[in-house]
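Novice: Sharing a structure, written as structure tokens. Questions coming.
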Amino acid sequence: MAAVLQLSQVTKAYGALRALDGIDISLPDNAYISLLGPSGSGKTILLRVIAGFEAPDSGSILFKGERVEAVPPHRRNIGFVFQNFALFPHLSVAGNIAFGLENRELNPITDSAVVRARVKDIVALVGLTGLEDRGVAQISGGQRQRVALARTLITEPSLVLLDEPLGALDANLRTRMRAELRAIRERCGVTFLHVTGSETEALAMGDTVLVLDRGRIAQADDADTVYNRPRSAAVARFLNCYNLFEGQLSKDDFISPVGRFPLQGQKADVRGQPAYAIRYDRISVRPLAAPVTAEEVRIEGTFIADEYSGAAINSFFSLDDGRVIEVESHLSQAAPQTCVPHGRYALVWKRQNALVYA
Amino acid sequence: MAMTAATAEPASADRPARKMPDRTLWLLAPGVIWMVLFLVVPILMMVYVSFWTQTTFAITPTLTIKSWVMFFSSDTYLSALWTTIRIWLIVLAATLIVGYPAALFVGLFVRNKTVQTVLLVLCVIPFWTSFLIRVLAWRPMLGKEGAINLILQGVGLINKPIEVLLFSELSVIIGMTQIYCVFMVGPIAFMMGRIDQSVIEAAQDLGAGFWRIFRTIILPLSMPGVVVGAIFVSVMVLGEFATSAALSGRKVNLLGNIIVTQVGSLKWAFAAVAGVVLTILMGIVVAALLRVVDLRKEL
């Protein structure tokens, strides 16, 4: 697949803060890419640099094979969907959507019949038919989101940047718009770069998931790999489904503050801080007296509370050094151990399920 | 059970509804009383007096349209009306031409709120001196031996002083534009400040260059500010008499100057006619400006 966008060694600093610290990415044509990063990781700045609202300090940006660092945003033809939608408040839905066609500097369309036909097509594509003449203040949040998207798609950009596009919507609508965004993208055949702070959104939407950590790309893989094999402890932390222990790697053990975890042939990834990660749903809760096999690791914890979420129960245990461990038990598998508040339990997992970083 | 619920509901819904008019009345009363006593009654009085009979030294409440006929058949009064309209239009255009770019800069390009406030305060600095001093200060500036002429002669650009600078329509326009410009800058800068930066970036991202964005986004979104500023400037310029008296050497007579002269010579009926004409003119101007933009929707 041809790369539509290639960034190499892009840096951007604000005073002493290195917001982008040597970004290397290559986005394929016709794909849905999600970019996961916690707040402050530089994800909005990265989008603004790609769109041209900010100039990088160094590095190169190749868009469709041409360098664009010096090209102003209105000549780049990279779509940008703003987090707050940034609709033109004085124009109708149709006026907003037609704006790009009528007002762009390169090749504007002056024939109003052509514009009307194109608006009609794109309005049907995003499902806004019948609302063309409404003011943008008279439509709902989800509809505004669609207007923002339609307004960008009508100019036929090869790349659309979406800055937390679902952040302003309520939870119900967010899930529905996810499927819709993917469907719209497939119909247009362009590349979407979707920035989000939500790990579930990033994993659900992206053909490829990029993880941004302190101005660097920490991982770029498909969703399954990112979820099951995060490349560093920082990525594991953003995924919000791993218990992490800091510590030291010795020959056959990982020495953590709560004890030694024996290893079983894991290859430690050498990046960043040494850490030991075990996924919430890989841990089982047993009574203290229950036996443990040779491949298992066992620690003890005091039950604090649990949270019921329908398909699963998340239980929280505090260890002897005060840290809290989360355990996720899927209710479809077996009735989980019912825990007594302040009771002590054994937390057990298989050695091979742990991820080790050194 | 259902019965009691049904009867209880209207009673509870009634209570707040009954209370509201009370509060409305109390909130409105001071303003309404004030406006009736000091605005509505005097205006009606002015209209009434304009139909009184004016003799050289006295005025009697016998109704007649003689003053009105006199006003509209006299070249002096009609030319004053025309001068007023002409100067108003020129000053309005001048304040807009000078003020709009300044407001655009302060409201849109200066994103730091503190700097924005400082710049707006700078615009208001001329108001730290009294109106009369500000007007009179133009004389040593524009006069035959004033600063501008001296400098231009010193540099060698001219060898004879430009006389038209002072005691002419030009000097009145210069003076008024300087005084009223800030009333144009303020409201426009306010509207500019409310434009979301990301809206402009969105237009840029869709491919529009600066002038296109200015025409299609910035100008329409700042129109309410222009209209409010234009109303401020219009109302003040139309009622002006001091600037023209001080800077035109009595050559430029606005309706305001006619009123001052007529009142000075105790011609109350004529003054009232000029006053009514001026009030109607302002009413038309304000109504026309309000038609340009629906302020209730925009603000």
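Residues are referred to by chain and number: the chain letter is A, B, ... according to the order shown in the structure tokens, the number counts from 1 in that chain, and ligands are numbered separately from 1 in the order shown.
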Compile the residues of chain B that lie within 12 Å of chain A, evaluated using only C-alpha atoms, and express the compilation as a ChimeraX atom specification.
Specialist: /B:194-224,293-294,297-298
Novice: Go ahead and write the selection's residues with C-alpha atoms as a compact mmCIF listing (two decimals), in the first residue's frame.
Specialist:
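Okay, part-v7.txt is ready:
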# COMPACT_ATOMS: atom_id res chain seq x y z
CA ARG B 194 -16.09 36.12 20.18
CA ILE B 195 -15.11 34.46 16.91
CA ASP B 196 -13.77 31.01 17.70
CA GLN B 197 -10.22 30.66 16.36
CA SER B 198 -10.97 27.11 15.26
CA VAL B 199 -13.76 28.38 12.98
CA ILE B 200 -11.18 30.39 11.06
CA GLU B 201 -8.80 27.44 11.03
CA ALA B 202 -11.61 25.25 9.71
CA ALA B 203 -12.16 27.68 6.83
CA GLN B 204 -8.43 27.64 6.15
CA ASP B 205 -8.37 23.87 6.23
CA LEU B 206 -11.19 23.77 3.67
CA GLY B 207 -8.93 25.69 1.30
CA ALA B 208 -9.95 29.33 1.67
CA GLY B 209 -7.29 32.05 1.56
CA PHE B 210 -7.24 35.03 3.94
CA TRP B 211 -9.40 37.42 1.91
CA ARG B 212 -11.97 34.73 1.22
CA ILE B 213 -12.14 33.93 4.94
CA PHE B 214 -12.41 37.62 5.69
CA ARG B 215 -15.33 38.09 3.30
CA THR B 216 -17.22 34.88 4.06
CA ILE B 217 -16.54 34.35 7.77
CA ILE B 218 -15.01 37.31 9.60
CA LEU B 219 -17.07 40.08 8.02
CA PRO B 220 -20.49 38.45 8.52
CA LEU B 221 -19.64 37.39 12.08
CA SER B 222 -18.49 40.91 12.98
CA MET B 223 -21.52 42.66 11.40
CA PRO B 224 -23.44 42.95 14.69
CA VAL B 293 -28.62 42.55 11.40
CA ASP B 294 -30.98 40.88 13.82
CA LYS B 297 -30.29 36.70 17.34
CA GLU B 298 -26.61 37.62 17.18
Novice: Which residues are close to segment 175-185 of chain A, i.e. within 8 Å by only C-alpha atoms, leaving aside same-chain residues fewer than 5 positions away? Reply as a list in words.
Specialist: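 Near neighbours after the sequence-gap exclusion: Tyr32, Leu125, Val126, Gly142, Leu166, Val190, Thr191, Phe192, Glu201 and Met205 of chain A.
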Novice: What's the 10 Å shell around segment 236-245 of chain A, counting only C-alpha atoms, without same-chain residues fewer than 2 positions away, as a VMD selection string?
Specialist: chain A and resid 36 to 38 197 to 200 202 to 203 211 to 213 226 to 234 247 to 248 254 to 258 274 to 283 323 to 328 354 to 356
Novice: Interatomic distance between atom CA of Ser250 of chain A and atom CA of Asp321 of chain A?
Specialist: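 Those two atoms sit 21.1 Å apart.
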Novice: Just the strand (DSSP E or B) stuff from segment 189-323 of chain A, please, per backbone DSSP, written as an MDAnalysis selection string.
Specialist: chainID A and resid 191:196 208:213 216:221 242:246 248:249 253:256 259:262 269 275:279 284:286 296:308 312:318
Novice: From a DSSP pass on the backbone, collect the residues of segment 27-66 of chain B flagged as helix (DSSP H, G or I) and hand them back as a ChimeraX atom specification.
Specialist: /B:27-49,66
Novice: Need to verify the contact set: Ser315 of chain A, 12 Å, only C-alpha atoms, exclusion of same-chain residues closer than 6 positions in sequence. Can you return it as an MDAnalysis selection string?
Specialist: chainID A and resid 280:281 283:285 301:309 324:330 336:341 345 347
Novice: For the atom pair atom CA of Ser158 of chain A and atom CA of Gln143 of chain A, what is the interatomic distance in Å to one decimal place?
Specialist: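 Atom CA of Gln143 of chain A lies 23.3 Å from atom CA of Ser158 of chain A.
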Novice: In terms of the shortest atom-to-atom distance over only C-alpha atoms, which of B:Ile280, B:Ile148, B:Leu63, B:Ala271 is closest to Leu166 of chain B?
Specialist: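 Closest to Leu166 of chain B of all the choices is B:Ile148.
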Novice: Please list as a ChimeraX atom specification every residue within 12 Å of segment 160-165 of chain B, counting only C-alpha atoms and excluding residues in the same chain fewer than 4 positions away.
Specialist: /B:138-154,156,169-175,247-249
Novice: Lys251 of chain B: which residues within 10 Å, counting only C-alpha atoms, same-chain residues fewer than 5 positions away excluded, as an NGL selection string?
Specialist: :B and (167-169 or 244-245)
Novice: Please list as a VMD selection string every residue within 12 Å of Leu20 of chain A, counting only C-alpha atoms and excluding residues in the same chain fewer than 3 positions away.
Specialist: chain A and resid 7 to 14 16 to 17 23 to 24 40 to 50 54 to 59 212 to 217
Novice: Those same residues, written as a compact mmCIF listing (two decimals), in the first residue's frame with C-alpha atoms?
Specialist:
# COMPACT_ATOMS: atom_id res chain seq x y z
CA LEU A 7 6.51 11.92 8.96
CA SER A 8 10.16 11.51 9.80
CA GLN A 9 11.88 12.89 12.86
CA VAL A 10 9.28 15.62 13.35
CA THR A 11 9.96 17.67 16.46
CA LYS A 12 8.18 20.63 17.99
CA ALA A 13 9.14 22.26 21.26
CA TYR A 14 7.42 24.92 23.33
CA ALA A 16 11.72 23.51 27.37
CA LEU A 17 8.76 21.22 26.67
CA ILE A 23 7.85 11.45 15.41
CA ASP A 24 8.18 8.80 12.67
CA GLY A 40 -0.65 16.03 27.29
CA SER A 41 1.00 13.42 25.08
CA GLY A 42 1.08 15.85 22.17
CA LYS A 43 -1.64 14.32 20.03
CA THR A 44 -3.48 17.54 19.17
CA ILE A 45 -0.19 19.28 18.37
CA LEU A 46 0.74 16.40 16.07
CA LEU A 47 -2.53 16.84 14.17
CA ARG A 48 -2.05 20.59 13.98
CA VAL A 49 1.45 20.12 12.58
CA ILE A 50 0.16 17.70 9.95
CA GLU A 54 1.75 24.78 13.43
CA ALA A 55 5.16 24.49 11.82
CA PRO A 56 7.48 21.72 13.04
CA ASP A 57 10.90 22.77 14.39
CA SER A 58 12.61 20.04 12.39
CA GLY A 59 11.84 16.88 10.48
CA LEU A 212 1.73 8.33 21.46
CA ASP A 213 3.71 8.75 24.66
CA ARG A 214 5.43 12.02 25.66
CA GLY A 215 5.90 13.19 22.08
CA ARG A 216 7.04 9.86 20.67
CA ILE A 217 5.28 7.02 18.89
